[in-house]
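S.K.: File data.cif follows (mmCIF, C-alpha atoms and all ligand atoms):
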```cif
data_structure
#
loop_
_atom_site.label_atom_id
_atom_site.label_comp_id
_atom_site.auth_asym_id
_atom_site.auth_seq_id
_atom_site.Cartn_x
_atom_site.Cartn_y
_atom_site.Cartn_z
CA MET C 174 205.64 87.41 50.64
CA HIS C 175 207.56 84.99 52.81
CA ILE C 176 211.25 84.52 51.91
CA PRO C 177 212.05 80.86 52.65
CA VAL C 178 214.87 80.38 55.12
CA LEU C 179 217.98 78.31 54.18
CA LEU C 180 216.10 77.24 51.06
CA LYS C 181 219.00 76.04 48.93
CA LYS C 182 220.78 74.33 51.82
CA SER C 183 217.69 72.52 53.09
CA ILE C 184 216.74 71.29 49.61
CA GLN C 185 220.32 70.05 49.13
CA ALA C 186 220.12 68.35 52.54
CA LEU C 187 216.98 66.45 51.45
CA LYS C 188 219.06 64.88 48.64
CA ILE C 189 215.98 64.62 46.46
CA LYS C 190 215.39 61.48 44.39
CA LYS C 191 213.60 62.32 41.16
CA ASN C 192 210.90 59.71 41.67
CA GLY C 193 210.77 60.05 45.45
CA ILE C 194 207.94 60.74 47.90
CA TYR C 195 208.32 63.89 50.01
CA ILE C 196 206.45 65.68 52.79
CA ASP C 197 206.63 69.39 53.55
CA GLY C 198 205.13 69.56 57.06
CA THR C 199 205.06 73.37 57.15
CA PHE C 200 203.84 74.52 53.74
CA GLY C 201 203.52 78.27 54.60
CA SER C 202 203.56 80.08 51.25
CA GLY C 203 205.05 77.04 49.57
CA GLY C 204 208.66 78.19 49.13
CA HIS C 205 210.17 74.81 50.01
CA SER C 206 207.35 72.86 48.35
CA LYS C 207 207.82 74.65 45.02
CA CYS C 208 211.54 73.81 45.05
CA ILE C 209 210.80 70.13 45.76
CA LEU C 210 208.27 70.02 42.90
CA GLU C 211 210.95 71.40 40.56
CA LYS C 212 213.27 68.54 41.50
CA ILE C 213 210.95 65.52 41.29
CA ASN C 214 209.77 63.91 38.05
CA SER C 215 206.29 62.74 37.03
CA TYR C 216 206.62 59.63 39.28
CA GLY C 217 207.50 61.73 42.33
CA LYS C 218 204.99 62.92 44.95
CA LEU C 219 204.80 65.79 47.40
CA TYR C 220 202.38 65.97 50.33
CA ALA C 221 202.27 69.36 52.08
CA ILE C 222 200.71 70.05 55.47
CA ASP C 223 199.82 73.30 57.23
CA ARG C 224 197.51 74.20 60.12
CA ASP C 225 196.82 77.69 58.78
CA PRO C 226 193.79 78.02 56.47
CA GLU C 227 195.52 80.93 54.69
CA SER C 228 198.38 78.61 53.66
CA ILE C 229 195.89 76.00 52.50
CA LYS C 230 194.30 78.59 50.18
CA ILE C 231 197.73 79.11 48.58
CA GLY C 232 198.35 75.37 48.36
CA LYS C 233 195.02 74.75 46.66
CA LYS C 234 196.06 77.03 43.83
CA ILE C 235 198.86 74.62 42.86
CA GLN C 236 197.39 72.53 40.08
CA ASP C 237 199.81 69.62 39.88
CA SER C 238 198.86 65.94 40.01
CA ARG C 239 202.05 65.18 41.98
CA PHE C 240 201.00 67.56 44.77
CA THR C 241 198.53 67.12 47.67
CA ILE C 242 197.80 69.81 50.25
CA ILE C 243 196.57 68.74 53.70
CA HIS C 244 194.97 71.04 56.27
CA ASP C 245 196.10 69.63 59.60
CA LEU C 246 198.76 69.62 62.29
CA PHE C 247 202.06 68.00 61.38
CA SER C 248 201.79 65.90 64.53
CA ASN C 249 199.04 63.98 62.66
CA ILE C 250 201.51 63.00 59.93
CA TYR C 251 201.26 59.25 60.61
CA LYS C 252 197.48 59.24 60.07
CA HIS C 253 197.87 60.89 56.65
CA CYS C 254 200.73 58.62 55.60
CA LYS C 255 198.54 55.65 56.46
CA LYS C 256 195.67 57.10 54.42
CA TYR C 257 197.91 57.62 51.38
CA LYS C 258 199.65 54.24 51.93
CA ILE C 259 203.12 55.75 52.15
CA ILE C 260 204.26 54.40 55.54
CA GLN C 261 208.01 53.55 55.31
CA LYS C 262 208.02 54.91 51.75
CA VAL C 263 208.71 58.59 52.40
CA ASN C 264 212.12 59.65 51.05
CA GLY C 265 212.26 63.00 52.80
CA ILE C 266 210.43 65.21 55.26
CA ILE C 267 211.04 68.88 55.89
CA LEU C 268 209.83 71.09 58.74
CA ASP C 269 210.51 74.82 58.64
CA LEU C 270 209.24 75.76 62.09
CA GLY C 271 207.97 79.06 63.40
CA MET C 272 205.80 81.58 61.61
CA SER C 273 205.59 82.70 58.04
CA SER C 274 205.92 86.39 57.15
CA MET C 275 202.33 86.11 56.01
CA GLN C 276 201.33 85.41 59.62
CA LEU C 277 203.80 87.79 61.26
CA ASP C 278 203.02 90.79 59.05
CA ASN C 279 199.23 90.48 59.15
CA VAL C 280 198.03 92.83 61.94
CA LYS C 281 194.81 90.83 62.31
CA ARG C 282 196.79 87.76 63.47
CA GLY C 283 198.34 89.53 66.47
CA PHE C 284 201.77 87.86 66.36
CA SER C 285 203.88 91.01 66.38
CA PHE C 286 204.24 93.79 68.94
CA LYS C 287 205.50 96.05 66.16
CA ASN C 288 202.01 96.43 64.63
CA ASN C 289 198.81 97.06 66.54
CA GLY C 290 196.04 94.52 66.14
CA PRO C 291 193.90 92.04 68.07
CA LEU C 292 196.02 89.92 70.43
CA ASP C 293 195.20 86.58 68.80
CA MET C 294 198.37 84.59 67.89
CA ARG C 295 196.56 81.43 66.73
CA MET C 296 198.04 79.79 63.63
CA ASN C 297 194.52 78.55 62.96
CA GLN C 298 192.00 81.15 64.08
CA LYS C 299 189.17 78.63 63.74
CA ASN C 300 190.51 76.51 66.62
CA GLY C 301 191.45 77.03 70.25
CA PHE C 302 191.52 80.29 72.17
CA SER C 303 193.26 83.58 71.43
CA ALA C 304 196.21 84.95 73.42
CA SER C 305 193.92 87.67 74.80
CA ASN C 306 191.47 85.06 75.99
CA TRP C 307 194.17 82.97 77.60
CA LEU C 308 195.66 85.99 79.42
CA MET C 309 192.16 86.83 80.70
CA ASN C 310 191.63 83.41 82.24
CA ALA C 311 195.09 82.21 83.30
CA THR C 312 196.38 82.62 86.83
CA GLU C 313 199.37 84.84 87.56
CA LYS C 314 201.43 81.73 88.32
CA GLU C 315 200.48 80.11 84.98
CA ILE C 316 201.43 83.25 83.06
CA PHE C 317 204.71 83.53 84.96
CA LYS C 318 205.56 79.88 84.22
CA VAL C 319 204.86 80.23 80.49
CA LEU C 320 206.97 83.40 80.18
CA LYS C 321 209.81 81.81 82.11
CA LYS C 322 209.74 78.43 80.34
CA TYR C 323 208.97 79.41 76.75
CA GLY C 324 210.42 82.94 76.69
CA GLU C 325 213.29 82.48 79.16
CA GLU C 326 212.28 86.01 80.22
CA LYS C 327 214.13 87.62 83.14
CA TYR C 328 211.19 89.81 84.18
CA SER C 329 208.55 87.06 83.92
CA LYS C 330 207.26 87.56 87.46
CA LYS C 331 206.89 91.31 87.12
CA ILE C 332 205.25 91.04 83.68
CA ALA C 333 202.77 88.38 84.89
CA PHE C 334 201.84 90.56 87.87
CA HIS C 335 201.12 93.60 85.66
CA ILE C 336 199.21 91.55 83.07
CA ILE C 337 196.83 90.43 85.82
CA LYS C 338 196.44 94.02 87.04
CA LYS C 339 195.73 95.46 83.58
CA ARG C 340 193.62 92.71 81.96
CA PRO C 341 191.60 92.42 79.76
CA ILE C 342 194.38 93.02 77.23
CA LEU C 343 192.83 93.03 73.79
CA GLN C 344 195.44 94.59 71.50
CA THR C 345 199.11 93.78 70.80
CA HIS C 346 200.18 97.36 71.60
CA GLU C 347 198.45 97.24 74.99
CA LEU C 348 200.58 94.25 75.97
CA HIS C 349 203.72 95.81 74.49
CA LYS C 350 203.11 99.05 76.49
CA ILE C 351 202.66 97.15 79.76
CA ILE C 352 205.97 95.33 79.17
CA SER C 353 207.85 98.47 78.04
CA LYS C 354 206.81 100.39 81.18
CA ILE C 355 208.20 97.82 83.61
CA THR C 356 211.32 96.57 81.81
CA PRO C 357 214.48 98.44 80.68
CA GLN C 358 213.30 101.06 78.21
CA LYS C 359 215.88 100.96 75.42
CA ASN C 360 215.37 97.45 74.10
CA THR C 361 212.33 95.48 73.11
CA LYS C 362 213.78 92.10 74.10
CA SER C 363 211.24 91.52 76.87
CA SER C 364 208.33 92.13 74.48
CA LYS C 365 209.92 89.84 71.91
CA ARG C 366 210.41 87.06 74.45
CA THR C 367 206.95 87.51 76.00
CA PHE C 368 205.22 87.39 72.60
CA GLN C 369 207.26 84.29 71.67
CA ALA C 370 206.34 82.55 74.92
CA ILE C 371 202.62 83.25 74.57
CA ARG C 372 202.65 82.15 70.92
CA ILE C 373 204.34 78.85 71.84
CA LYS C 374 201.72 78.26 74.54
CA ILE C 375 198.71 79.19 72.38
CA ASN C 376 199.81 76.93 69.51
CA ASN C 377 201.15 74.10 71.71
CA GLU C 378 204.29 74.30 69.57
CA LEU C 379 206.75 72.22 71.55
CA ASN C 380 204.32 69.34 72.06
CA GLU C 381 203.49 69.45 68.35
CA LEU C 382 207.18 68.98 67.57
CA LYS C 383 207.64 66.19 70.14
CA ASN C 384 204.56 64.32 68.88
CA PHE C 385 205.72 64.63 65.29
CA LEU C 386 209.18 63.28 66.19
CA SER C 387 207.68 60.33 68.05
CA LYS C 388 206.20 59.06 64.75
CA VAL C 389 208.61 60.20 62.10
CA LEU C 390 210.94 57.19 62.11
CA GLN C 391 208.04 54.88 61.31
CA ILE C 392 207.24 56.86 58.17
CA LEU C 393 210.62 57.29 56.51
CA ALA C 394 211.89 54.86 53.88
CA PRO C 395 215.39 53.38 54.34
CA LYS C 396 217.86 56.20 53.57
CA GLY C 397 214.97 58.66 53.95
CA ARG C 398 216.00 62.10 55.17
CA LEU C 399 214.62 64.35 57.86
CA CYS C 400 215.41 68.10 57.72
CA ILE C 401 214.27 70.45 60.45
CA ILE C 402 214.83 74.21 60.55
CA SER C 403 214.27 75.65 64.02
CA PHE C 404 214.36 79.23 65.23
CA HIS C 405 214.95 79.12 68.96
CA SER C 406 216.90 77.06 71.43
CA LEU C 407 213.82 75.35 72.91
CA GLU C 408 212.91 73.79 69.55
CA ASP C 409 216.49 73.05 68.61
CA ARG C 410 217.11 71.31 71.93
CA ILE C 411 214.17 68.96 71.29
CA VAL C 412 215.34 68.15 67.75
CA LYS C 413 218.97 67.67 68.79
CA LYS C 414 218.06 65.40 71.71
CA PHE C 415 215.84 63.26 69.48
CA LEU C 416 218.48 62.90 66.75
CA PHE C 417 221.24 62.01 69.18
CA LYS C 418 219.08 59.54 71.08
CA ASN C 419 218.30 57.68 67.86
CA SER C 420 221.81 57.71 66.47
CA ARG C 421 223.58 56.21 69.44
CA LYS C 422 224.05 52.49 69.74
CA ILE C 423 225.39 52.59 73.24
CA PRO C 424 223.38 54.69 75.67
CA ASN C 425 225.10 57.20 77.93
CA LEU C 426 226.22 55.15 80.91
CA PRO C 427 227.83 56.31 84.11
CA LYS C 428 231.56 55.52 84.04
CA ASN C 429 233.07 52.55 85.96
CA ILE C 430 229.77 50.75 86.55
CA PRO C 431 229.97 47.11 85.44
CA LEU C 432 227.31 45.76 83.05
CA THR C 433 225.64 42.38 83.30
CA ILE C 434 225.84 39.92 80.35
CA LYS C 435 222.13 40.51 79.72
CA GLU C 436 222.68 44.27 79.48
CA LEU C 437 225.66 43.84 77.15
CA LYS C 438 223.62 41.57 74.86
CA ARG C 439 220.77 44.09 74.76
CA ILE C 440 223.13 46.90 73.77
CA GLY C 441 224.79 44.68 71.14
CA LYS C 442 221.43 44.03 69.49
CA LYS C 443 220.41 47.67 69.43
CA LYS C 444 220.64 49.19 65.95
CA TYR C 445 221.57 52.72 65.04
CA LYS C 446 218.54 54.29 63.45
CA LEU C 447 219.87 57.61 62.24
CA ARG C 448 222.98 59.00 60.67
CA ILE C 449 223.33 62.65 61.65
CA PHE C 450 224.85 65.37 59.45
CA LYS C 451 226.56 68.53 60.64
CA LYS C 452 224.09 71.26 61.60
CA ILE C 453 223.89 74.24 59.28
CA SER C 454 223.54 77.87 60.36
CA PRO C 455 222.99 80.84 58.04
CA THR C 456 226.03 82.72 56.73
CA LYS C 457 226.43 86.50 57.04
CA LYS C 458 225.31 86.71 53.41
CA ASP C 459 222.14 84.70 54.17
CA ILE C 460 221.35 87.03 57.10
CA LEU C 461 221.89 90.14 54.95
CA LYS C 462 219.45 88.78 52.38
CA ASN C 463 216.86 87.71 54.96
CA SER C 464 217.22 88.93 58.54
CA ARG C 465 214.50 86.47 59.70
CA CYS C 466 216.96 83.60 59.28
CA ARG C 467 219.36 85.05 61.89
CA SER C 468 218.56 82.43 64.52
CA ALA C 469 217.82 79.51 62.16
CA ILE C 470 219.48 76.11 62.60
CA LEU C 471 219.06 73.33 60.06
CA ARG C 472 219.51 69.78 61.34
CA THR C 473 219.50 66.79 58.99
CA ALA C 474 219.49 63.07 59.59
CA GLU C 475 219.17 59.97 57.40
CA LEU C 476 217.44 56.75 58.38
CA LYS C 477 219.75 53.74 58.09
C1 LIG C 501 208.07 79.35 58.64
S1 LIG C 501 206.55 78.91 57.94
C2 LIG C 501 206.97 77.85 56.63
C3 LIG C 501 207.34 78.57 55.40
C4 LIG C 501 207.54 77.70 54.20
N1 LIG C 501 208.65 76.80 54.35
C5 LIG C 501 207.72 78.53 52.96
O1 LIG C 501 208.79 78.44 52.34
O2 LIG C 501 206.82 79.28 52.59
C6 LIG C 501 205.86 77.83 59.09
C7 LIG C 501 204.50 77.31 58.72
O3 LIG C 501 204.26 76.17 59.52
C8 LIG C 501 202.92 76.15 59.92
N2 LIG C 501 202.88 75.37 61.16
C9 LIG C 501 203.46 75.65 62.34
N3 LIG C 501 203.22 74.68 63.23
C10 LIG C 501 202.48 73.75 62.59
C11 LIG C 501 201.94 72.48 62.97
N4 LIG C 501 202.11 72.01 64.20
N5 LIG C 501 201.25 71.78 62.06
C12 LIG C 501 201.08 72.25 60.80
N6 LIG C 501 201.56 73.44 60.39
C13 LIG C 501 202.27 74.17 61.27
C14 LIG C 501 202.56 77.60 60.12
O4 LIG C 501 201.17 77.79 60.01
C15 LIG C 501 203.34 78.27 58.98
O5 LIG C 501 202.56 78.42 57.85
#
```
Using the file provided, produce a representation of the structure as structure tokens.
Ligand SMILES: C[S@@+](CC[C@H](N)C(=O)[O-])C[C@H]1O[C@@H](n2cnc3c(N)ncnc32)[C@H](O)[C@@H]1O

M.R.:
Amino acid sequence: MHIPVLLKKSIQALKIKKNGIYIDGTFGSGGHSKCILEKINSYGKLYAIDRDPESIKIGKKIQDSRFTIIHDLFSNIYKHCKKYKIIQKVNGIILDLGMSSMQLDNVKRGFSFKNNGPLDMRMNQKNGFSASNWLMNATEKEIFKVLKKYGEEKYSKKIAFHIIKKRPILQTHELHKIISKITPQKNTKSSKRTFQAIRIKINNELNELKNFLSKVLQILAPKGRLCIISFHSLEDRIVKKFLFKNSRKIPNLPKNIPLTIKELKRIGKKKYKLRIFKKISPTKKDILKNSRCRSAILRTAELK
């Protein structure tokens, strides 16, 4: 089973109101959701979203009138809030990004180079195209760009060249072997980064996060909290940029450039939207208990 990352700290960060309305945008196996349900009373509500049908099966087993499970992308959050008439009423939203152990450890999902299985990597296997399919049809330049941008992989060019030469690549171990042969032997970093990059591309992960953020402030109630746990710098950069942009009254301006009266008035009228809390990283003890949380960062903000 999946061990939830930074569980206690993220639930504390949500500052749960007993009769509040909450959204868990990444239900997974329900670790965070179960904790929220323990903290709310019979007037409270929890809506949980996940794109993976396997997670939805788990969610449907929760028989609790306060709980609703939704099979969709979290970028569609606004549509669901409208449907349930909870726009500007949500007291807290949590996203625990990345994959669940359920996805990572299932060889049929193809997320890990450690186990051999079909090279799929879709979080919802009923939609879109598999990693194997994408690698078969993409150009060398497209593959190179994805590995460079989403994996920050030093050997992107070389790996893309060899993928094209060896395709079709149907199994995770085939891809891992190609990478191992052409990159320094002792570590598996290049495989890790390549798999991460392809997974981000296949699941459109960064756009999902950006689209979610573009709507989230319209959904939260005053004093509502947003907690996001991210697992790599690309995600964290997006979250951090969004929080800072919406917490600053005065935009970053080049020094020594005079402002017009009109500009000064506009800045004066601008309201801070978010109060940001200090980011939280796992302690050594957290990492010992759950090595998956090694790279996790929890960022929290409150709507004013
Ligand atoms: C790290 S797991 C969450 C684990 C969960 N917090 C728990 O305690 O069990 C991430 C989950 O988010 C889901 N997910 C990732 N991106 C998504 C998206 N854009 N929309 C909906 N669900 C998404 C994945 O399918 C996965 O089940």

S.K.: Check which residues of chain C sit at most 8 Å from ligand LIG 501 (chain C) using only C-alpha atoms and all ligand atoms, and return one row each with the closest pair of atoms and their distance in Å to one decimal, ordered by chain and rising number, as a tab-separated table.

M.R.:
```
residue	atom	partner	partner_atom	distance
C:His175	CA	C:LIG501	O2	5.8
C:Ile176	CA	C:LIG501	O1	6.6
C:Pro177	CA	C:LIG501	O1	4.1
C:Val178	CA	C:LIG501	O1	7.0
C:Leu180	CA	C:LIG501	O1	7.5
C:Asp197	CA	C:LIG501	N1	7.7
C:Gly198	CA	C:LIG501	C12	6.1
C:Thr199	CA	C:LIG501	O3	3.8
C:Phe200	CA	C:LIG501	C4	4.9
C:Gly201	CA	C:LIG501	O5	3.4
C:Ser202	CA	C:LIG501	O2	3.6
C:Gly203	CA	C:LIG501	O2	4.2
C:Gly204	CA	C:LIG501	O1	3.2
C:His205	CA	C:LIG501	O1	4.5
C:Ser206	CA	C:LIG501	O1	7.0
C:Ile222	CA	C:LIG501	C12	5.8
C:Asp223	CA	C:LIG501	N6	3.6
C:Arg224	CA	C:LIG501	C12	4.1
C:Asp225	CA	C:LIG501	O4	4.5
C:Ser228	CA	C:LIG501	O5	5.9
C:His244	CA	C:LIG501	C12	7.7
C:Asp245	CA	C:LIG501	C12	5.8
C:Leu246	CA	C:LIG501	N5	3.3
C:Phe247	CA	C:LIG501	N5	3.9
C:Ser248	CA	C:LIG501	N4	6.1
C:Leu268	CA	C:LIG501	N1	7.3
C:Asp269	CA	C:LIG501	C2	5.1
C:Leu270	CA	C:LIG501	C6	5.0
C:Gly271	CA	C:LIG501	C1	4.8
C:Met272	CA	C:LIG501	C1	4.4
C:Ser273	CA	C:LIG501	S1	3.9
C:Ser274	CA	C:LIG501	C1	7.5
C:Met275	CA	C:LIG501	O5	7.9
C:Gln276	CA	C:LIG501	O5	7.3
C:Met296	CA	C:LIG501	O4	5.2
C:Asn297	CA	C:LIG501	O4	7.3
C:Asn376	CA	C:LIG501	N3	7.5
C:Asn377	CA	C:LIG501	N4	7.9
C:Glu378	CA	C:LIG501	N4	6.2
C:Glu381	CA	C:LIG501	N4	5.1
C:Leu382	CA	C:LIG501	N4	6.8
```

S.K.: Would you kindly return, as a VMD selection string, each protein, DNA or RNA residue with an atom no farther than 10 Å from any atom of stretch 252-264 of chain C, considering all atoms listed in the file and excluding same-chain residues fewer than 5 positions away?

M.R.: chain C and resid 187 to 190 192 to 196 218 to 220 222 243 245 247 388 to 399 475 to 476

S.K.: Which residue out of C:Glu313, C:Ile351, C:Asn463, C:Thr361 has the minimum interatomic distance to C:Ala333 when only C-alpha atoms are used?

M.R.: C:Glu313

S.K.: Distance atom CA of C:Ser464-atom CA of C:Leu386, one decimal place?

M.R.: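 Between atom CA of C:Ser464 and atom CA of C:Leu386 the gap is 27.9 Å.
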
S.K.: To one decimal in Å, tell me the separation between atom CA of C:Asn306 and atom CA of C:His349.

M.R.: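 Atom-to-atom, atom CA of C:Asn306 and atom CA of C:His349 are spaced 16.4 Å apart.
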
S.K.: Please report the interatomic distance between atom CA of C:Ile242 and atom CA of C:Asp278 in Å with one decimal.

M.R.: 23.3 Å

S.K.: Pick the closest to C:Asn300 from C:Asn419, C:Pro226, C:Thr312, C:Ile235: which is it, counting all atoms listed in the file?

M.R.: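 That would be C:Pro226, the residue with the smallest distance to C:Asn300.
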
S.K.: Within 12 Å of C:Phe415, counting all atoms listed in the file, which residues qualify if same-chain residues fewer than 6 places away don't, as a ChimeraX atom specification?

M.R.: /C:382-390,399,401,408-409,421,446-447,449,472-474

S.K.: Quick one: everything within 9 Å of C:Ser468, counting only C-alpha atoms, minus sequence neighbours fewer than 2 positions away in the same chain. Send it as a list of chain:residue names.

M.R.: C:Ser403, C:Phe404, C:His405, C:Ser406, C:Ser454, C:Pro455, C:Ser464, C:Arg465, C:Cys466, C:Ile470

S.K.: Please produce a file of the residues just selected, as a compact mmCIF listing (two decimals), in the frame of the given file, where the atoms kept are C-alpha atoms.

M.R.:
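So the final result, stored in again-v8.txt, reads:
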```txt
# COMPACT_ATOMS: atom_id res chain seq x y z
CA SER C 403 214.27 75.65 64.02
CA PHE C 404 214.36 79.23 65.23
CA HIS C 405 214.95 79.12 68.96
CA SER C 406 216.90 77.06 71.43
CA SER C 454 223.54 77.87 60.36
CA PRO C 455 222.99 80.84 58.04
CA SER C 464 217.22 88.93 58.54
CA ARG C 465 214.50 86.47 59.70
CA CYS C 466 216.96 83.60 59.28
CA ILE C 470 219.48 76.11 62.60
```

S.K.: For C:Asn310, which of C:Ser285, C:Lys181, C:Phe334, C:Pro341 is the closest residue, counting only C-alpha atoms?

M.R.: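 Nearest candidate to C:Asn310 out of C:Ser285, C:Lys181, C:Phe334, C:Pro341: C:Pro341.
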
S.K.: I'd like the neighbourhood of C:Lys354 as number ranges by chain, where a residue qualifies if any of its atoms comes within 12 Å (using only C-alpha atoms), though same-chain residues fewer than 3 positions away should be ignored.

M.R.: C: 328, 331-332, 335-336, 347-351, 357-361, 363-364

S.K.: I'd like to know which of C:Gln236, C:Gln344, C:Asn249, C:Ser215 is closest to C:Leu292, using all atoms listed in the file.

M.R.: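 Ranking C:Gln236, C:Gln344, C:Asn249, C:Ser215 by distance to C:Leu292, first place goes to C:Gln344.
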
S.K.: Could you name the residues that touch C:Lys374 at 10 Å or less, counting only C-alpha atoms, but leaving out those on the same chain fewer than 6 positions away, as a list in words?

M.R.: Met294, Arg295, Ala304, Trp307, Ile316, Val319, Leu320, Lys322, Tyr323, Phe368 and Asn380 of chain C
